[in-house]
>>> print(open('target.tsv').read())   # TSV, C-alpha atoms
chain	number	residue	atom	x	y	z
G	1	LYS	CA	101.60	67.82	86.37
G	2	ALA	CA	105.22	68.06	85.35
G	3	GLY	CA	106.81	71.39	86.12
G	4	VAL	CA	108.50	73.84	83.79
G	5	THR	CA	111.61	72.33	82.27
G	6	GLN	CA	114.58	74.12	80.77
G	7	THR	CA	117.39	72.76	78.65
G	8	PRO	CA	120.29	72.74	78.84
G	9	ARG	CA	120.85	73.36	82.53
G	10	TYR	CA	124.41	74.57	82.05
G	11	LEU	CA	126.15	76.09	79.06
G	12	ILE	CA	129.59	77.52	78.44
G	13	LYS	CA	130.18	79.69	75.39
G	14	THR	CA	132.79	82.16	74.22
G	15	ARG	CA	132.36	85.78	73.25
G	16	GLY	CA	130.88	86.30	69.83
G	17	GLN	CA	129.09	82.97	69.72
G	18	GLN	CA	125.35	82.58	69.76
G	19	VAL	CA	123.22	80.39	72.01
G	20	THR	CA	119.70	78.96	72.07
G	21	LEU	CA	117.92	78.05	75.28
G	22	SER	CA	114.75	76.01	75.46
G	23	CYS	CA	111.77	76.07	77.80
G	24	SER	CA	108.88	73.61	78.02
G	25	PRO	CA	105.94	75.04	79.96
G	26	ILE	CA	103.50	73.21	82.16
G	27	SER	CA	100.94	71.36	80.08
G	28	GLY	CA	98.03	73.65	79.24
G	29	HIS	CA	99.97	76.85	79.87
G	30	ARG	CA	100.02	79.21	76.91
G	31	SER	CA	102.22	81.98	78.27
G	32	VAL	CA	105.99	81.75	78.61
G	33	SER	CA	108.11	84.53	80.08
G	34	TRP	CA	111.89	84.79	80.20
G	35	TYR	CA	113.95	86.48	82.88
G	36	GLN	CA	117.66	87.10	83.32
G	37	GLN	CA	119.07	86.75	86.83
G	38	THR	CA	122.47	88.22	87.70
G	39	PRO	CA	124.05	89.16	91.04
G	40	GLY	CA	124.35	92.79	89.97
G	41	GLN	CA	121.00	93.41	88.26
G	42	GLY	CA	118.82	90.85	89.96
G	43	LEU	CA	115.85	89.44	88.06
G	44	GLN	CA	115.04	91.31	84.88
G	45	PHE	CA	112.23	90.61	82.45
G	46	LEU	CA	113.27	89.76	78.91
G	47	PHE	CA	110.05	88.99	77.04
G	48	GLU	CA	106.78	87.11	77.18
G	49	TYR	CA	105.09	84.98	74.57
G	50	PHE	CA	101.46	83.98	74.40
G	51	SER	CA	100.02	81.79	71.67
G	52	GLU	CA	103.17	82.18	69.55
G	53	THR	CA	103.11	85.99	69.72
G	54	GLN	CA	105.45	88.22	71.67
G	55	ARG	CA	103.16	90.11	74.01
G	56	ASN	CA	105.67	92.01	76.14
G	57	LYS	CA	109.31	92.95	75.85
G	58	GLY	CA	111.82	94.20	78.38
G	59	ASN	CA	114.72	96.58	77.90
G	60	PHE	CA	117.27	94.27	76.36
G	61	PRO	CA	119.20	94.77	73.10
G	62	GLY	CA	118.10	93.16	69.87
G	63	ARG	CA	120.70	90.41	70.34
G	64	PHE	CA	118.16	88.82	72.64
G	65	SER	CA	115.26	87.25	70.79
G	66	GLY	CA	112.76	84.50	71.29
G	67	ARG	CA	109.96	82.56	69.79
G	68	GLN	CA	107.16	80.26	70.79
G	69	PHE	CA	105.93	77.20	68.99
G	70	SER	CA	102.40	75.93	68.55
G	71	ASN	CA	102.87	73.50	71.46
G	72	SER	CA	103.76	76.51	73.67
G	73	ARG	CA	107.40	75.49	73.98
G	74	SER	CA	109.65	78.51	73.75
G	75	GLU	CA	113.21	79.20	72.75
G	76	MET	CA	115.39	82.15	73.55
G	77	ASN	CA	118.35	83.10	71.41
G	78	VAL	CA	121.26	85.37	72.22
G	79	SER	CA	123.56	86.32	69.37
G	80	THR	CA	127.07	87.78	69.52
G	81	LEU	CA	127.52	86.83	73.14
G	82	GLU	CA	129.22	89.26	75.52
G	83	LEU	CA	130.83	88.55	78.89
G	84	GLY	CA	127.98	90.43	80.57
G	85	ASP	CA	125.46	87.93	79.22
G	86	SER	CA	126.68	85.41	81.78
G	87	ALA	CA	123.63	84.81	83.94
G	88	LEU	CA	120.95	82.41	85.03
G	89	TYR	CA	118.12	82.52	82.50
G	90	LEU	CA	114.76	81.65	83.97
G	91	CYS	CA	111.64	80.71	82.15
G	92	ALA	CA	108.19	80.93	83.69
G	93	SER	CA	104.88	79.65	82.40
G	94	SER	CA	101.30	80.54	83.20
G	95	GLN	CA	97.87	80.19	81.69
G	96	GLY	CA	98.35	83.73	80.46
G	97	THR	CA	95.16	85.33	81.69
G	98	ALA	CA	94.65	87.74	84.57
G	99	ASN	CA	95.61	86.63	88.08
G	100	ASN	CA	97.39	83.50	86.87
G	101	GLU	CA	100.43	82.43	88.86
G	102	GLN	CA	103.74	82.16	87.03
G	103	PHE	CA	105.60	78.90	87.62
G	104	PHE	CA	109.35	79.05	87.22
G	105	GLY	CA	111.75	76.56	85.74
G	106	PRO	CA	115.13	75.67	87.27
G	107	GLY	CA	116.98	77.96	84.89
G	108	THR	CA	119.85	77.64	82.44
G	109	ARG	CA	123.20	78.80	83.75
G	110	LEU	CA	125.05	80.48	80.88
G	111	THR	CA	128.72	81.28	81.26
G	112	VAL	CA	130.41	83.38	78.58
G	113	LEU	CA	134.21	83.21	78.49
L	114	ALA	CA	108.79	103.37	85.41
L	115	GLN	CA	107.42	100.96	87.93
L	116	ARG	CA	109.87	100.07	90.63
L	117	VAL	CA	110.16	97.67	93.52
L	118	THR	CA	112.62	98.43	96.30
L	119	GLN	CA	113.87	95.98	98.88
L	120	PRO	CA	116.21	98.04	101.02
L	121	GLU	CA	117.92	95.17	102.83
L	122	LYS	CA	120.30	92.81	101.02
L	123	LEU	CA	120.63	90.61	104.08
L	124	LEU	CA	118.49	90.15	107.15
L	125	SER	CA	119.85	87.96	109.91
L	126	VAL	CA	117.65	86.96	112.85
L	127	PHE	CA	117.62	84.33	115.56
L	128	LYS	CA	115.21	81.42	115.51
L	129	GLY	CA	111.98	82.42	117.20
L	130	ALA	CA	112.45	86.14	116.57
L	131	PRO	CA	109.98	88.15	114.48
L	132	VAL	CA	110.83	88.80	110.85
L	133	GLU	CA	109.92	91.72	108.62
L	134	LEU	CA	111.20	91.88	105.06
L	135	LYS	CA	110.59	95.32	103.61
L	136	CYS	CA	109.23	96.07	100.18
L	137	ASN	CA	108.23	99.43	98.73
L	138	TYR	CA	106.86	100.01	95.28
L	139	SER	CA	106.00	102.76	92.86
L	140	TYR	CA	103.09	102.15	90.53
L	141	SER	CA	100.62	104.48	88.90
L	142	GLY	CA	97.63	102.15	88.89
L	143	SER	CA	96.21	99.54	91.22
L	144	PRO	CA	99.16	97.29	92.06
L	145	GLU	CA	99.23	93.53	92.13
L	146	LEU	CA	102.04	92.42	94.42
L	147	PHE	CA	103.71	89.13	95.19
L	148	TRP	CA	106.40	87.61	97.35
L	149	TYR	CA	108.54	84.91	95.76
L	150	VAL	CA	111.00	82.71	97.62
L	151	GLN	CA	114.04	80.79	96.46
L	152	TYR	CA	115.39	78.16	98.85
L	153	SER	CA	118.92	76.89	98.39
L	154	ARG	CA	119.21	74.79	95.21
L	155	GLN	CA	115.50	75.11	94.48
L	156	ARG	CA	113.61	77.03	91.86
L	157	LEU	CA	111.90	80.35	92.42
L	158	GLN	CA	108.39	79.83	93.73
L	159	LEU	CA	105.44	81.96	94.69
L	160	LEU	CA	105.06	82.46	98.44
L	161	LEU	CA	102.01	84.68	98.52
L	162	ARG	CA	100.10	87.35	96.62
L	163	HIS	CA	98.31	90.31	98.09
L	164	ILE	CA	94.95	89.58	96.47
L	165	SER	CA	94.75	86.24	98.30
L	166	ARG	CA	95.18	87.82	101.73
L	167	GLU	CA	96.36	84.46	103.03
L	168	SER	CA	99.06	83.23	105.36
L	169	ILE	CA	101.58	80.81	103.89
L	170	LYS	CA	104.14	79.04	106.11
L	171	GLY	CA	103.26	81.58	108.80
L	172	PHE	CA	104.09	84.54	106.55
L	173	THR	CA	101.68	87.39	105.87
L	174	ALA	CA	101.94	90.57	103.84
L	175	ASP	CA	99.59	93.50	103.84
L	176	LEU	CA	99.37	95.99	101.04
L	177	ASN	CA	99.59	99.53	102.39
L	178	LYS	CA	98.69	101.88	99.54
L	179	GLY	CA	99.30	104.99	101.63
L	180	GLU	CA	102.88	103.98	102.34
L	181	THR	CA	103.23	102.07	99.03
L	182	SER	CA	104.55	99.11	100.96
L	183	PHE	CA	104.05	95.36	100.95
L	184	HIS	CA	106.22	94.14	103.81
L	185	LEU	CA	106.49	90.40	104.52
L	186	LYS	CA	106.12	89.40	108.16
L	187	LYS	CA	106.36	86.32	110.31
L	188	PRO	CA	106.02	86.39	114.09
L	189	PHE	CA	108.47	83.57	114.85
L	190	ALA	CA	111.26	82.76	112.40
L	191	GLN	CA	112.30	79.16	111.79
L	192	GLU	CA	115.61	77.89	110.43
L	193	GLU	CA	113.88	76.50	107.35
L	194	ASP	CA	112.79	80.05	106.45
L	195	SER	CA	116.37	80.84	105.42
L	196	ALA	CA	116.19	81.71	101.74
L	197	MET	CA	116.23	84.55	99.22
L	198	TYR	CA	112.98	86.52	99.15
L	199	TYR	CA	111.86	88.65	96.23
L	200	CYS	CA	109.06	91.17	96.19
L	201	ALA	CA	107.47	91.55	92.76
L	202	LEU	CA	104.95	93.82	91.08
L	203	LYS	CA	102.83	92.67	88.16
L	204	GLU	CA	102.89	95.11	85.28
L	205	GLY	CA	100.65	93.79	82.54
L	206	ASP	CA	101.88	90.28	81.92
L	207	LYS	CA	105.36	90.73	83.30
L	208	LEU	CA	106.79	90.75	86.80
L	209	VAL	CA	109.03	93.54	88.03
L	210	PHE	CA	111.23	92.20	90.82
L	211	GLY	CA	113.02	93.87	93.66
L	212	ALA	CA	116.70	93.12	94.23
L	213	GLY	CA	115.88	90.49	96.81
L	214	THR	CA	116.65	90.02	100.51
L	215	ILE	CA	118.56	87.08	101.91
L	216	LEU	CA	116.96	85.93	105.14
L	217	ARG	CA	119.29	84.03	107.42
L	218	VAL	CA	117.77	82.44	110.52
L	219	LYS	CA	120.35	81.49	113.10
L	220	SER	CA	119.87	78.83	115.74
>>> encode(input="target.tsv", output="structure tokens")
Amino acid sequence: KAGVTQTPRYLIKTRGQQVTLSCSPISGHRSVSWYQQTPGQGLQFLFEYFSETQRNKGNFPGRFSGRQFSNSRSEMNVSTLELGDSALYLCASSQGTANNEQFFGPGTRLTVL
Amino acid sequence: AQRVTQPEKLLSVFKGAPVELKCNYSYSGSPELFWYVQYSRQRLQLLLRHISRESIKGFTADLNKGETSFHLKKPFAQEEDSAMYYCALKEGDKLVFGAGTILRVKS
């Protein structure tokens, strides 16, 4: 099976812009979770989608949003970018039921100038 | 709030020495704990989970509810074990990660 893929792998934006990141889960996986990884804060949970519905949400401002499509692919959007949004954004997929392992993608490295 | 604490940012050991990466947690229910590893230039991957009670790449971790710990151990470190290790707690459908510990195995 192909692994979790994320596009683009690298992105450079300026403050105030908005950005959309994409995640394609492993075939058959219905749950997609997003995490932000920074040197200062480590890995922090953003949100999780299952069958096109947001099931869980972390403590991030409303500028961070996401959605999931019927084929389980997910997008994450960040509006009005700030310098502090520079991070590696990781996506993970799982079957979405109890005890299922989460498989991580390679991440999208976002740099905000 | 549920928390995962990894007190060491960096652990440096010699090849062949024992390794213990510490992890403490706070959780009000019955915890489900994991160790994830990230090798250089590779994606984050699951190393082991407490419910499996298995040994992966020579690593084991025992859940100690009395001490609220889930330390990762290996009796003899190898150079290829050098990586970033994250302890994580499952809360519903999300993972709460510790800050991570860099393990450096010197020859």
>>> interface_residues(input="target.tsv", of="chain G", to="chain L", cutoff="6 Å", atoms="only C-alpha atoms", output="VMD selection string")
chain G and resid 42 104 106
>>> closest_residue(input="target.tsv", among="L:Cys200, L:Leu176, L:Val117, L:Val126", to="Tyr149 in chain L", atoms="all atoms listed in the file")
L:Cys200
>>> residues_around(input="target.tsv", residues="Gln44 in chain G", least_positions_apart="4", cutoff="9 Å", atoms="all atoms listed in the file", output="ChimeraX atom specification")
/G:34-38,58-59 /L:208-210
>>> residues_near_point(input="target.tsv", point="(110.7, 95.4, 111.1)", cutoff="12 Å", atoms="only C-alpha atoms", output="ChimeraX atom specification")
/L:120-121,124-126,130-136,184-188
>>> atom_distance(input="target.tsv", atom1="CA of Thr173 in chain L", atom2="CA of Asn137 in chain L")
15.5 Å
>>> residues_around(input="target.tsv", residues="Lys57 in chain G", least_positions_apart="5", cutoff="10 Å", atoms="all atoms listed in the file", output="list in words")
Ser33, Trp34, Phe45, Leu46, Phe47, Glu48, Tyr49 and Ser65 of chain G; Asp206 and Lys207 of chain L
>>> write_last_selection(input="target.tsv", atoms="C-alpha atoms", output="PDB file, in the coordinates of the input")
ATOM      1  CA  SER G  33     108.110  84.530  80.080  1.00  0.00           C
ATOM      2  CA  TRP G  34     111.890  84.790  80.200  1.00  0.00           C
ATOM      3  CA  PHE G  45     112.230  90.610  82.450  1.00  0.00           C
ATOM      4  CA  LEU G  46     113.270  89.760  78.910  1.00  0.00           C
ATOM      5  CA  PHE G  47     110.050  88.990  77.040  1.00  0.00           C
ATOM      6  CA  GLU G  48     106.780  87.110  77.180  1.00  0.00           C
ATOM      7  CA  TYR G  49     105.090  84.980  74.570  1.00  0.00           C
ATOM      8  CA  SER G  65     115.260  87.250  70.790  1.00  0.00           C
TER       9      SER G  65
ATOM     10  CA  ASP L 206     101.880  90.280  81.920  1.00  0.00           C
ATOM     11  CA  LYS L 207     105.360  90.730  83.300  1.00  0.00           C
TER      12      LYS L 207
END
>>> residues_around(input="target.tsv", residues="range 12-19 of chain G", least_positions_apart="4", cutoff="6 Å", atoms="all atoms listed in the file", output="ChimeraX atom specification")
/G:77-82,110-113
>>> atom_distance(input="target.tsv", atom1="CA of Thr214 in chain L", atom2="CA of Ala196 in chain L")
8.4 Å
>>> residues_around(input="target.tsv", residues="Gly3 in chain G", least_positions_apart="6", cutoff="9 Å", atoms="only C-alpha atoms", output="list in words")
Ser24, Pro25, Ile26, Ser27, Phe103, Phe104 and Gly105 of chain G
>>> atom_distance(input="target.tsv", atom1="CA of Val150 in chain L", atom2="CA of Ile215 in chain L")
9.7 Å
>>> decode(input="target.tsv", residues="range 39-55 of chain G", atoms="N, CA and C atoms", output="PDB file, in the first residue's frame")
ATOM      1  N   PRO G  39      10.066  23.484  16.834  1.00  0.00           N
ATOM      2  CA  PRO G  39      11.107  23.222  17.837  1.00  0.00           C
ATOM      3  C   PRO G  39      10.676  23.636  19.241  1.00  0.00           C
ATOM      4  N   GLY G  40       9.920  24.708  19.341  1.00  0.00           N
ATOM      5  CA  GLY G  40       9.543  25.211  20.663  1.00  0.00           C
ATOM      6  C   GLY G  40       8.386  24.477  21.313  1.00  0.00           C
ATOM      7  N   GLN G  41       7.375  24.129  20.526  1.00  0.00           N
ATOM      8  CA  GLN G  41       6.146  23.523  21.059  1.00  0.00           C
ATOM      9  C   GLN G  41       6.039  22.037  20.801  1.00  0.00           C
ATOM     10  N   GLY G  42       6.947  21.492  20.023  1.00  0.00           N
ATOM     11  CA  GLY G  42       6.879  20.068  19.727  1.00  0.00           C
ATOM     12  C   GLY G  42       5.723  19.741  18.800  1.00  0.00           C
ATOM     13  N   LEU G  43       5.144  18.572  18.992  1.00  0.00           N
ATOM     14  CA  LEU G  43       4.050  18.097  18.148  1.00  0.00           C
ATOM     15  C   LEU G  43       2.723  18.423  18.812  1.00  0.00           C
ATOM     16  N   GLN G  44       1.924  19.209  18.133  1.00  0.00           N
ATOM     17  CA  GLN G  44       0.632  19.590  18.710  1.00  0.00           C
ATOM     18  C   GLN G  44      -0.496  19.235  17.752  1.00  0.00           C
ATOM     19  N   PHE G  45      -1.556  18.680  18.310  1.00  0.00           N
ATOM     20  CA  PHE G  45      -2.701  18.240  17.543  1.00  0.00           C
ATOM     21  C   PHE G  45      -3.529  19.433  17.071  1.00  0.00           C
ATOM     22  N   LEU G  46      -3.850  19.420  15.787  1.00  0.00           N
ATOM     23  CA  LEU G  46      -4.680  20.483  15.225  1.00  0.00           C
ATOM     24  C   LEU G  46      -6.143  20.056  15.157  1.00  0.00           C
ATOM     25  N   PHE G  47      -6.419  19.031  14.374  1.00  0.00           N
ATOM     26  CA  PHE G  47      -7.781  18.498  14.268  1.00  0.00           C
ATOM     27  C   PHE G  47      -7.768  17.135  13.591  1.00  0.00           C
ATOM     28  N   GLU G  48      -8.904  16.460  13.700  1.00  0.00           N
ATOM     29  CA  GLU G  48      -9.059  15.142  13.106  1.00  0.00           C
ATOM     30  C   GLU G  48     -10.391  15.074  12.378  1.00  0.00           C
ATOM     31  N   TYR G  49     -10.346  14.485  11.198  1.00  0.00           N
ATOM     32  CA  TYR G  49     -11.545  14.299  10.396  1.00  0.00           C
ATOM     33  C   TYR G  49     -11.799  12.820  10.175  1.00  0.00           C
ATOM     34  N   PHE G  50     -13.069  12.469  10.217  1.00  0.00           N
ATOM     35  CA  PHE G  50     -13.487  11.093   9.966  1.00  0.00           C
ATOM     36  C   PHE G  50     -14.760  11.153   9.141  1.00  0.00           C
ATOM     37  N   SER G  51     -14.738  10.502   8.013  1.00  0.00           N
ATOM     38  CA  SER G  51     -15.909  10.493   7.122  1.00  0.00           C
ATOM     39  C   SER G  51     -16.453  11.904   6.898  1.00  0.00           C
ATOM     40  N   GLU G  52     -15.577  12.803   6.550  1.00  0.00           N
ATOM     41  CA  GLU G  52     -15.885  14.184   6.166  1.00  0.00           C
ATOM     42  C   GLU G  52     -16.349  15.074   7.318  1.00  0.00           C
ATOM     43  N   THR G  53     -16.283  14.568   8.546  1.00  0.00           N
ATOM     44  CA  THR G  53     -16.724  15.352   9.703  1.00  0.00           C
ATOM     45  C   THR G  53     -15.550  15.585  10.644  1.00  0.00           C
ATOM     46  N   GLN G  54     -15.464  16.807  11.165  1.00  0.00           N
ATOM     47  CA  GLN G  54     -14.419  17.071  12.147  1.00  0.00           C
ATOM     48  C   GLN G  54     -14.832  16.422  13.458  1.00  0.00           C
ATOM     49  N   ARG G  55     -13.989  15.527  13.940  1.00  0.00           N
ATOM     50  CA  ARG G  55     -14.347  14.751  15.123  1.00  0.00           C
ATOM     51  C   ARG G  55     -13.664  15.292  16.370  1.00  0.00           C
TER      52      ARG G  55
END
